[in-house]
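A short write-up of the structure that comes next.
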2 protein chains.
Amino acid sequence: MATKRPSSAIEDYLRAIYGLVERGVEVSNATLAKRLRVSPSSVSGMVAKLADLGLVTHVPYHGVELTEPGRRAACDVLRRHRLIELYLVEELGYTWDEVHVEADVLEHAVSDSLIERISAKLGDPTRDPHGDPIPAADGSVEQPPTHLLRDLEPGASGEVARVWDTNPEILRYLAHNGITLGARIEVLERQPFGGPLVVRVGERTHSLGNEVTAVLLIRVPTSQ
Amino acid sequence: MATKRPSSAIEDYLRAIYGLVERGVEVSNATLAKRLRVSPSSVSGMVAKLADLGLVTHVPYHGVELTEPGRRAACDVLRRHRLIELYLVEELGYTWDEVHVEADVLEHAVSDSLIERISAKLGDPTRDPHGDPIPAADGSVEQPPTHLLRDLEPGASGEVARVWDTNPEILRYLAHNGITLGARIEVLERQPFGGPLVVRVGERTHSLGNEVTAVLLIRVPTSQ
DNA sequence: ATAGTGTTTTCGGCATGCCGAAAATTCGAG
DNA sequence: CTCGAATTTTCGGCATGCCGAAAACACTAT
């Protein structure tokens, strides 16, 4: 029998930790506090609790790491979150900038059986509307090899595989400029000193700032 | 701007009070405690809080009554609850005995905008899978005139308009015997001393106990 | 009137999670 | 090595909601 689900607060922390690791961001008390919009002292308290529960390992004054049960629980939440996002887009006409807030709440409220019906109705998809992989019901995740747009050299091209951000404004900006999942994108030139990257998407060229290029993951055909 | 939504606990109490009134059950501390599966002392505490918030009036040691703001808030929750139930049946293949538990949780998690999209997708329905009226977005509810099956005399007939219960076993029992919304039902005879009511539904006759006849609402053609 | 019964309320307590202020720790610069 | 800044933890406190035990109340029957 499936063991009971953690509290929403716990699930929020687990998903946040997983998300930071996934993006290669250091998982510190401070980054967690910022991401969860909570005070650092609250993070200390909750991390102690997570460690008690065996969901993370914690070296005081140093880092936090998910244990295997913790990773598994995080994947469960992530699966729910991403399936809900996709469902809202596919079945209820949401756009990719609207779904995150809604899914943040619903991920804690849907039952396992509901989420499996949703998955079935969507044809057991493996990507959410932002290109993020949807963990399978058994907790496995496939992370396809991609490159940050920021790291590509002029001349490189590929297609937009994933947008690593939840900020509705950035997402609307991208969609408005035709930068959506699957769009072909070619790097034309890079301005020095942290300047914008000039890219071509379809007929148009855009100068993209750091906030944007650090968030777009590109699938490059001949990787390596 | 819509004022913030009450806590889930508060919404649960409001919906419970509304539900008891709707069924003509006395709204006492005890009935509330039983319906919410909570201790009587918890009810006392929460009722005091609801009174503070102006959602109910409370005469200590006597009854609780919804104020107009309280009724309105209860209808909001009820609208969400019933739309979710219908949605699960229509779009995700749930049966009428499965939806209640799921909706109990989701009613607190769906945003107003999501619920309106759901309502639109369903064609702004006015009945949920149990025949319960779905309050409109403006808080108005229509209660169609019906009769408890228990109160009908032999010879009377009508169609099943509503099932006033959430117990999955009763609901499965009814569905299994063809007693679903819209089914024609005719009272054949009434056994005395609280005995069963014999009814005909389609080709078959059933002897229905009190638990069942007290829960079936019948629309009788020539009311009066 | 009053005793008894059942209901309701009050009271202190517990669990979860949040906070700010102050103490503890780390780590780089000098 | 030591000082100081930044981070992290500890501590006491608060809010929400739940509980059980005991006191307060209402209502019925004598």
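Chain labels run A, B, ... following the order of the structure tokens; each chain numbers its residues from 1, and ligands are numbered from 1 in the order shown.
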
Hey, list the chain A side of the contact with chain B: 10 Å cut-off, only C-alpha atoms, answer as number ranges by chain.
-> A: 88, 91-94, 101-111, 113-114, 117-118, 120-121

Would you mind exporting N, CA, C and O atoms of the selected residues as an mmCIF file, in the first residue's frame?
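Writing done, so here's part-v5.cif:
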data_model
loop_
_atom_site.group_PDB
_atom_site.id
_atom_site.type_symbol
_atom_site.label_atom_id
_atom_site.label_comp_id
_atom_site.auth_asym_id
_atom_site.auth_seq_id
_atom_site.Cartn_x
_atom_site.Cartn_y
_atom_site.Cartn_z
ATOM 1 N N LEU A 88 -3.964 21.405 -18.237
ATOM 2 C CA LEU A 88 -4.628 22.715 -18.321
ATOM 3 C C LEU A 88 -4.481 23.313 -19.720
ATOM 4 O O LEU A 88 -5.406 23.930 -20.249
ATOM 5 N N GLU A 91 -6.490 20.663 -22.327
ATOM 6 C CA GLU A 91 -7.929 20.444 -22.182
ATOM 7 C C GLU A 91 -8.709 21.692 -21.819
ATOM 8 O O GLU A 91 -9.922 21.738 -21.985
ATOM 9 N N LEU A 92 -8.038 22.683 -21.277
ATOM 10 C CA LEU A 92 -8.815 23.828 -20.796
ATOM 11 C C LEU A 92 -8.338 25.156 -21.364
ATOM 12 O O LEU A 92 -8.704 26.229 -20.866
ATOM 13 N N GLY A 93 -7.526 25.084 -22.394
ATOM 14 C CA GLY A 93 -7.185 26.304 -23.120
ATOM 15 C C GLY A 93 -6.268 27.272 -22.398
ATOM 16 O O GLY A 93 -6.205 28.442 -22.751
ATOM 17 N N TYR A 94 -5.547 26.783 -21.403
ATOM 18 C CA TYR A 94 -4.578 27.666 -20.746
ATOM 19 C C TYR A 94 -3.372 27.893 -21.659
ATOM 20 O O TYR A 94 -3.099 27.075 -22.550
ATOM 21 N N VAL A 101 1.104 28.813 -11.594
ATOM 22 C CA VAL A 101 0.464 29.170 -10.330
ATOM 23 C C VAL A 101 -0.633 28.175 -9.982
ATOM 24 O O VAL A 101 -0.737 27.708 -8.839
ATOM 25 N N GLU A 102 -1.436 27.872 -10.970
ATOM 26 C CA GLU A 102 -2.542 26.935 -10.753
ATOM 27 C C GLU A 102 -2.001 25.565 -10.328
ATOM 28 O O GLU A 102 -2.490 24.956 -9.372
ATOM 29 N N ALA A 103 -0.973 25.097 -11.013
ATOM 30 C CA ALA A 103 -0.425 23.771 -10.715
ATOM 31 C C ALA A 103 0.247 23.734 -9.355
ATOM 32 O O ALA A 103 0.272 22.687 -8.693
ATOM 33 N N ASP A 104 0.783 24.864 -8.914
ATOM 34 C CA ASP A 104 1.421 24.928 -7.606
ATOM 35 C C ASP A 104 0.463 24.533 -6.494
ATOM 36 O O ASP A 104 0.875 23.963 -5.482
ATOM 37 N N VAL A 105 -0.783 24.883 -6.665
ATOM 38 C CA VAL A 105 -1.782 24.543 -5.655
ATOM 39 C C VAL A 105 -2.344 23.148 -5.901
ATOM 40 O O VAL A 105 -2.437 22.321 -4.988
ATOM 41 N N LEU A 106 -2.701 22.888 -7.149
ATOM 42 C CA LEU A 106 -3.372 21.618 -7.454
ATOM 43 C C LEU A 106 -2.475 20.409 -7.221
ATOM 44 O O LEU A 106 -2.965 19.331 -6.888
ATOM 45 N N GLU A 107 -1.177 20.573 -7.379
ATOM 46 C CA GLU A 107 -0.267 19.430 -7.214
ATOM 47 C C GLU A 107 -0.432 18.762 -5.856
ATOM 48 O O GLU A 107 -0.120 17.582 -5.708
ATOM 49 N N HIS A 108 -0.891 19.518 -4.863
ATOM 50 C CA HIS A 108 -1.067 18.933 -3.529
ATOM 51 C C HIS A 108 -2.459 18.361 -3.328
ATOM 52 O O HIS A 108 -2.707 17.687 -2.338
ATOM 53 N N ALA A 109 -3.352 18.653 -4.239
ATOM 54 C CA ALA A 109 -4.755 18.304 -4.014
ATOM 55 C C ALA A 109 -5.235 17.123 -4.841
ATOM 56 O O ALA A 109 -6.203 16.472 -4.478
ATOM 57 N N VAL A 110 -4.574 16.838 -5.949
ATOM 58 C CA VAL A 110 -5.053 15.735 -6.785
ATOM 59 C C VAL A 110 -4.617 14.396 -6.202
ATOM 60 O O VAL A 110 -3.517 14.261 -5.694
ATOM 61 N N SER A 111 -5.497 13.437 -6.267
ATOM 62 C CA SER A 111 -5.171 12.095 -5.765
ATOM 63 C C SER A 111 -4.340 11.351 -6.796
ATOM 64 O O SER A 111 -4.263 11.745 -7.960
ATOM 65 N N SER A 113 -5.054 8.543 -8.064
ATOM 66 C CA SER A 113 -5.887 7.958 -9.122
ATOM 67 C C SER A 113 -6.294 9.025 -10.130
ATOM 68 O O SER A 113 -6.339 8.777 -11.334
ATOM 69 N N LEU A 114 -6.554 10.244 -9.645
ATOM 70 C CA LEU A 114 -6.896 11.311 -10.592
ATOM 71 C C LEU A 114 -5.717 11.607 -11.518
ATOM 72 O O LEU A 114 -5.879 11.758 -12.733
ATOM 73 N N ARG A 117 -5.475 9.116 -14.214
ATOM 74 C CA ARG A 117 -6.492 9.295 -15.262
ATOM 75 C C ARG A 117 -6.112 10.437 -16.189
ATOM 76 O O ARG A 117 -6.326 10.383 -17.392
ATOM 77 N N ILE A 118 -5.581 11.482 -15.583
ATOM 78 C CA ILE A 118 -5.153 12.617 -16.401
ATOM 79 C C ILE A 118 -4.038 12.189 -17.337
ATOM 80 O O ILE A 118 -4.056 12.486 -18.534
ATOM 81 N N ALA A 120 -3.398 9.247 -18.455
ATOM 82 C CA ALA A 120 -3.939 8.369 -19.494
ATOM 83 C C ALA A 120 -4.657 9.187 -20.566
ATOM 84 O O ALA A 120 -4.462 8.984 -21.763
ATOM 85 N N LYS A 121 -5.468 10.142 -20.108
ATOM 86 C CA LYS A 121 -6.216 10.947 -21.072
ATOM 87 C C LYS A 121 -5.282 11.709 -22.011
ATOM 88 O O LYS A 121 -5.603 11.945 -23.181
#

Sel. of helix (DSSP H, G or I) residues, chain A, as number ranges by chain = A: 8-22, 29-36, 40-52, 68-92, 99-106, 112-121, 149-151, 168-176, 210-213

Would you list the contacts of range 14-19 of chain D as a PyMOL selection string, taking every protein, DNA or RNA residue within 9 Å and counting only C-alpha atoms (C1' of nucleotides), but skipping same-chain residues closer than 6 positions in sequence?
-> (chain B and resi 9+38-39+41-42+45-46) or (chain C and resi 13-16+18-19)

Using only N, CA and C atoms (P, O5', C5', C4', C3', O3' and C1' of nucleotides), please write the residues we just selected to a file, as a PDB file, in the first residue's frame.
ATOM      1  N   ALA B   9     -10.584  24.982   6.218  1.00  0.00           N
ATOM      2  CA  ALA B   9     -11.374  24.556   7.370  1.00  0.00           C
ATOM      3  C   ALA B   9     -12.663  25.358   7.434  1.00  0.00           C
ATOM      4  N   VAL B  38     -15.220  15.562  13.444  1.00  0.00           N
ATOM      5  CA  VAL B  38     -14.404  16.426  14.285  1.00  0.00           C
ATOM      6  C   VAL B  38     -15.052  16.410  15.660  1.00  0.00           C
ATOM      7  N   SER B  39     -14.315  16.721  16.708  1.00  0.00           N
ATOM      8  CA  SER B  39     -14.896  16.662  18.044  1.00  0.00           C
ATOM      9  C   SER B  39     -15.804  17.866  18.290  1.00  0.00           C
ATOM     10  N   SER B  41     -15.836  19.863  20.695  1.00  0.00           N
ATOM     11  CA  SER B  41     -15.125  21.043  21.190  1.00  0.00           C
ATOM     12  C   SER B  41     -14.482  21.806  20.033  1.00  0.00           C
ATOM     13  N   SER B  42     -14.080  21.068  19.010  1.00  0.00           N
ATOM     14  CA  SER B  42     -13.531  21.756  17.843  1.00  0.00           C
ATOM     15  C   SER B  42     -14.602  22.602  17.174  1.00  0.00           C
ATOM     16  N   GLY B  45     -15.174  25.852  18.990  1.00  0.00           N
ATOM     17  CA  GLY B  45     -14.111  26.799  18.677  1.00  0.00           C
ATOM     18  C   GLY B  45     -14.294  27.436  17.320  1.00  0.00           C
ATOM     19  N   MET B  46     -14.555  26.628  16.317  1.00  0.00           N
ATOM     20  CA  MET B  46     -14.652  27.165  14.970  1.00  0.00           C
ATOM     21  C   MET B  46     -15.905  28.021  14.789  1.00  0.00           C
TER      22      MET B  46
ATOM     23  P    DG C  13      -1.242  23.350  30.261  1.00  0.00           P
ATOM     24  O5'  DG C  13      -1.147  22.305  29.050  1.00  0.00           O
ATOM     25  C5'  DG C  13      -2.206  21.378  28.842  1.00  0.00           C
ATOM     26  C4'  DG C  13      -1.944  20.543  27.605  1.00  0.00           C
ATOM     27  C3'  DG C  13      -0.608  20.799  26.918  1.00  0.00           C
ATOM     28  O3'  DG C  13      -0.116  19.567  26.418  1.00  0.00           O
ATOM     29  C1'  DG C  13      -2.348  21.234  25.399  1.00  0.00           C
ATOM     30  P    DC C  14       1.343  19.402  25.843  1.00  0.00           P
ATOM     31  O5'  DC C  14       1.098  18.993  24.333  1.00  0.00           O
ATOM     32  C5'  DC C  14       0.242  17.892  24.010  1.00  0.00           C
ATOM     33  C4'  DC C  14       0.009  17.855  22.515  1.00  0.00           C
ATOM     34  C3'  DC C  14       1.284  18.078  21.702  1.00  0.00           C
ATOM     35  O3'  DC C  14       1.415  17.052  20.743  1.00  0.00           O
ATOM     36  C1'  DC C  14      -0.423  19.562  20.983  1.00  0.00           C
ATOM     37  P    DA C  15       2.799  16.857  19.948  1.00  0.00           P
ATOM     38  O5'  DA C  15       2.414  17.386  18.495  1.00  0.00           O
ATOM     39  C5'  DA C  15       1.398  16.728  17.762  1.00  0.00           C
ATOM     40  C4'  DA C  15       1.206  17.439  16.442  1.00  0.00           C
ATOM     41  C3'  DA C  15       2.533  17.794  15.753  1.00  0.00           C
ATOM     42  O3'  DA C  15       2.476  17.327  14.421  1.00  0.00           O
ATOM     43  C1'  DA C  15       1.153  19.741  15.982  1.00  0.00           C
ATOM     44  P    DT C  16       3.769  17.475  13.489  1.00  0.00           P
ATOM     45  O5'  DT C  16       3.392  18.777  12.641  1.00  0.00           O
ATOM     46  C5'  DT C  16       2.170  18.801  11.941  1.00  0.00           C
ATOM     47  C4'  DT C  16       1.993  20.140  11.266  1.00  0.00           C
ATOM     48  C3'  DT C  16       3.237  20.642  10.523  1.00  0.00           C
ATOM     49  O3'  DT C  16       2.817  21.013   9.229  1.00  0.00           O
ATOM     50  C1'  DT C  16       2.396  22.320  11.948  1.00  0.00           C
ATOM     51  P    DC C  18       6.488  27.004   6.255  1.00  0.00           P
ATOM     52  O5'  DC C  18       6.557  28.533   6.719  1.00  0.00           O
ATOM     53  C5'  DC C  18       5.504  29.423   6.469  1.00  0.00           C
ATOM     54  C4'  DC C  18       5.392  30.457   7.571  1.00  0.00           C
ATOM     55  C3'  DC C  18       6.651  31.283   7.826  1.00  0.00           C
ATOM     56  O3'  DC C  18       6.711  32.380   6.931  1.00  0.00           O
ATOM     57  C1'  DC C  18       5.598  30.661   9.869  1.00  0.00           C
ATOM     58  P    DC C  19       8.089  33.144   6.725  1.00  0.00           P
ATOM     59  O5'  DC C  19       8.237  34.017   8.050  1.00  0.00           O
ATOM     60  C5'  DC C  19       7.288  35.051   8.333  1.00  0.00           C
ATOM     61  C4'  DC C  19       7.573  35.624   9.701  1.00  0.00           C
ATOM     62  C3'  DC C  19       8.968  36.203   9.846  1.00  0.00           C
ATOM     63  O3'  DC C  19       8.922  37.576   9.533  1.00  0.00           O
ATOM     64  C1'  DC C  19       8.355  34.880  11.759  1.00  0.00           C
TER      65       DC C  19
END

Listing only residues of chain A within 10 Å of chain D, what is the closest atom pair and its distance in Å (to one decimal) for each, using only C-alpha atoms (C1' of nucleotides), sorted by chain and residue number ascending, as a Markdown table?
| residue | atom | partner | partner_atom | distance |
| --- | --- | --- | --- | --- |
| A:Ser28 | CA | D:DT7 | C1' | 9.3 |
| A:Asn29 | CA | D:DT8 | C1' | 7.3 |
| A:Ala30 | CA | D:DT7 | C1' | 7.8 |
| A:Pro40 | CA | D:DT8 | C1' | 7.9 |
| A:Ser41 | CA | D:DT9 | C1' | 7.4 |
| A:Val43 | CA | D:DT8 | C1' | 9.8 |
| A:Ser44 | CA | D:DT9 | C1' | 6.8 |
| A:Gly45 | CA | D:DT9 | C1' | 8.8 |
| A:Pro60 | CA | D:DT8 | C1' | 7.9 |
| A:Tyr61 | CA | D:DT8 | C1' | 5.6 |
| A:His62 | CA | D:DT8 | C1' | 8.5 |

With N, CA and C atoms retained, could you export that selection as a PDB file, in the first residue's frame?
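This went into out-v8.pdb:
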ATOM      1  N   SER A  28      21.374  26.151  -1.069  1.00  0.00           N
ATOM      2  CA  SER A  28      21.717  26.687   0.241  1.00  0.00           C
ATOM      3  C   SER A  28      20.438  27.108   0.946  1.00  0.00           C
ATOM      4  N   ASN A  29      20.595  27.332   2.210  1.00  0.00           N
ATOM      5  CA  ASN A  29      19.499  27.861   3.002  1.00  0.00           C
ATOM      6  C   ASN A  29      18.928  29.101   2.310  1.00  0.00           C
ATOM      7  N   ALA A  30      19.815  29.961   1.852  1.00  0.00           N
ATOM      8  CA  ALA A  30      19.370  31.227   1.262  1.00  0.00           C
ATOM      9  C   ALA A  30      18.636  31.032  -0.056  1.00  0.00           C
ATOM     10  N   PRO A  40      14.806  32.648   6.092  1.00  0.00           N
ATOM     11  CA  PRO A  40      15.850  31.642   6.296  1.00  0.00           C
ATOM     12  C   PRO A  40      15.616  30.810   7.550  1.00  0.00           C
ATOM     13  N   SER A  41      15.083  31.422   8.581  1.00  0.00           N
ATOM     14  CA  SER A  41      14.894  30.637   9.803  1.00  0.00           C
ATOM     15  C   SER A  41      13.831  29.556   9.588  1.00  0.00           C
ATOM     16  N   VAL A  43      13.415  27.994   6.812  1.00  0.00           N
ATOM     17  CA  VAL A  43      14.087  26.927   6.068  1.00  0.00           C
ATOM     18  C   VAL A  43      14.876  26.035   7.019  1.00  0.00           C
ATOM     19  N   SER A  44      15.620  26.652   7.934  1.00  0.00           N
ATOM     20  CA  SER A  44      16.369  25.849   8.905  1.00  0.00           C
ATOM     21  C   SER A  44      15.451  24.866   9.613  1.00  0.00           C
ATOM     22  N   GLY A  45      14.339  25.379  10.073  1.00  0.00           N
ATOM     23  CA  GLY A  45      13.398  24.520  10.792  1.00  0.00           C
ATOM     24  C   GLY A  45      12.918  23.373   9.930  1.00  0.00           C
ATOM     25  N   PRO A  60      24.948  20.575   9.009  1.00  0.00           N
ATOM     26  CA  PRO A  60      24.684  21.934   9.490  1.00  0.00           C
ATOM     27  C   PRO A  60      25.710  22.939   8.970  1.00  0.00           C
ATOM     28  N   TYR A  61      25.241  24.061   8.603  1.00  0.00           N
ATOM     29  CA  TYR A  61      26.043  25.158   8.049  1.00  0.00           C
ATOM     30  C   TYR A  61      26.596  24.828   6.662  1.00  0.00           C
ATOM     31  N   HIS A  62      26.287  23.646   6.165  1.00  0.00           N
ATOM     32  CA  HIS A  62      26.691  23.310   4.798  1.00  0.00           C
ATOM     33  C   HIS A  62      25.438  22.937   4.016  1.00  0.00           C
TER      34      HIS A  62
END

Please provide as JSON, numbers by chain all residues within 12 Å of Leu152 in chain A, with the sequence filter that same-chain residues fewer than 2 positions apart are discarded (counting only C-alpha atoms (C1' of nucleotides)).
-> {"A": [146, 147, 148, 149, 150, 154, 155, 156, 157, 158, 185, 186, 187, 188, 189, 190, 197, 198, 199, 213, 214, 216, 217, 218, 219, 220, 223]}

DSSP strand (DSSP E) residues within range 135-210 of chain B, listed as JSON, numbers by chain = {"B": [147, 148, 157, 158, 159, 160, 161, 162, 163, 184, 185, 186, 187, 188, 189, 190, 197, 198, 199, 200, 201, 204, 205, 206, 207, 208]}

Residues as selected, N, CA and C atoms, written as a CSV table (one decimal), in the first residue's frame, can you do that?
chain,number,residue,atom,x,y,z
B,147,HIS,N,-40.0,15.6,-4.1
B,147,HIS,CA,-40.5,14.9,-3.0
B,147,HIS,C,-39.6,13.8,-2.6
B,148,LEU,N,-39.4,13.7,-1.3
B,148,LEU,CA,-38.7,12.5,-0.8
B,148,LEU,C,-39.4,11.2,-1.2
B,157,SER,N,-45.9,8.2,-8.9
B,157,SER,CA,-44.7,7.9,-9.7
B,157,SER,C,-44.0,9.2,-10.2
B,158,GLY,N,-42.8,9.1,-10.6
B,158,GLY,CA,-42.1,10.3,-11.0
B,158,GLY,C,-40.7,9.9,-11.5
B,159,GLU,N,-39.8,10.9,-11.6
B,159,GLU,CA,-38.5,10.4,-12.0
B,159,GLU,C,-37.5,10.9,-11.0
B,160,VAL,N,-36.4,10.1,-10.9
B,160,VAL,CA,-35.4,10.4,-9.9
B,160,VAL,C,-34.7,11.7,-10.3
B,161,ALA,N,-34.8,12.7,-9.3
B,161,ALA,CA,-34.3,14.0,-9.6
B,161,ALA,C,-33.0,14.3,-8.9
B,162,ARG,N,-32.7,13.5,-7.8
B,162,ARG,CA,-31.6,13.9,-7.0
B,162,ARG,C,-31.4,12.9,-5.9
B,163,VAL,N,-30.1,12.6,-5.7
B,163,VAL,CA,-29.7,11.7,-4.6
B,163,VAL,C,-29.0,12.4,-3.5
B,184,ARG,N,-37.5,6.5,-14.3
B,184,ARG,CA,-38.9,6.6,-13.9
B,184,ARG,C,-39.0,5.6,-12.7
B,185,ILE,N,-39.7,6.0,-11.7
B,185,ILE,CA,-39.9,5.2,-10.5
B,185,ILE,C,-41.3,5.2,-10.1
B,186,GLU,N,-41.9,4.1,-9.7
B,186,GLU,CA,-43.3,4.1,-9.3
B,186,GLU,C,-43.4,3.4,-8.0
B,187,VAL,N,-44.2,4.0,-7.1
B,187,VAL,CA,-44.3,3.4,-5.8
B,187,VAL,C,-45.4,2.3,-5.8
B,188,LEU,N,-45.1,1.1,-5.5
B,188,LEU,CA,-46.1,0.0,-5.6
B,188,LEU,C,-46.8,-0.1,-4.2
B,189,GLU,N,-46.0,-0.3,-3.2
B,189,GLU,CA,-46.7,-0.5,-1.9
B,189,GLU,C,-45.7,-0.1,-0.8
B,190,ARG,N,-46.3,0.2,0.3
B,190,ARG,CA,-45.4,0.6,1.5
B,190,ARG,C,-45.7,-0.4,2.6
B,197,LEU,N,-40.1,0.1,1.1
B,197,LEU,CA,-41.1,0.6,0.1
B,197,LEU,C,-40.8,-0.2,-1.1
B,198,VAL,N,-41.9,-0.7,-1.7
B,198,VAL,CA,-41.7,-1.5,-2.9
B,198,VAL,C,-41.9,-0.6,-4.1
B,199,VAL,N,-41.0,-0.6,-5.0
B,199,VAL,CA,-41.1,0.4,-6.1
B,199,VAL,C,-40.8,-0.4,-7.4
B,200,ARG,N,-41.2,0.2,-8.5
B,200,ARG,CA,-40.9,-0.4,-9.8
B,200,ARG,C,-40.0,0.6,-10.6
B,201,VAL,N,-38.9,0.1,-11.1
B,201,VAL,CA,-38.0,0.9,-11.9
B,201,VAL,C,-37.7,0.1,-13.2
B,204,ARG,N,-38.1,-3.9,-13.4
B,204,ARG,CA,-37.8,-4.6,-12.1
B,204,ARG,C,-38.5,-3.9,-10.9
B,205,THR,N,-38.8,-4.7,-9.9
B,205,THR,CA,-39.2,-4.1,-8.7
B,205,THR,C,-38.2,-4.3,-7.6
B,206,HIS,N,-38.1,-3.3,-6.7
B,206,HIS,CA,-37.1,-3.4,-5.6
B,206,HIS,C,-37.8,-3.0,-4.3
B,207,SER,N,-37.4,-3.6,-3.2
B,207,SER,CA,-37.8,-3.2,-1.9
B,207,SER,C,-36.7,-2.4,-1.3
B,208,LEU,N,-37.0,-1.1,-1.1
B,208,LEU,CA,-36.0,-0.2,-0.7
B,208,LEU,C,-36.2,0.2,0.8

Contact residues (chain C, partner chain B, 9 Å, only C-alpha atoms (C1' of nucleotides)) as a list in words |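 Selected residues: DT7, DT8, DT9 and DT10 of chain C.
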
Could you jot down the CA of Leu20 in chain B to CA of Val59 in chain B separation for me, Å, one decimal place?
-> 17.6 Å

Mind checking which residues fall within 8 Å of Pro135 in chain A, counting only C-alpha atoms (C1' of nucleotides), ignoring those fewer than 3 positions away in the same chain, and posting them as a count of residues only?
-> 10

Length of the CA of Arg5 in chain B to CA of Ala136 in chain B vector [Å] = 17.3 Å

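We find C1' of DG17 in chain C and CA of Ala33 in chain B to be spaced 25.9 Å apart.
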
Find the residues around Ile17 in chain B up to 8 Å (only C-alpha atoms (C1' of nucleotides) counted), leave out those fewer than 5 positions away in its own chain, and share them as a ChimeraX atom specification.
-> /B:27,32,65-66
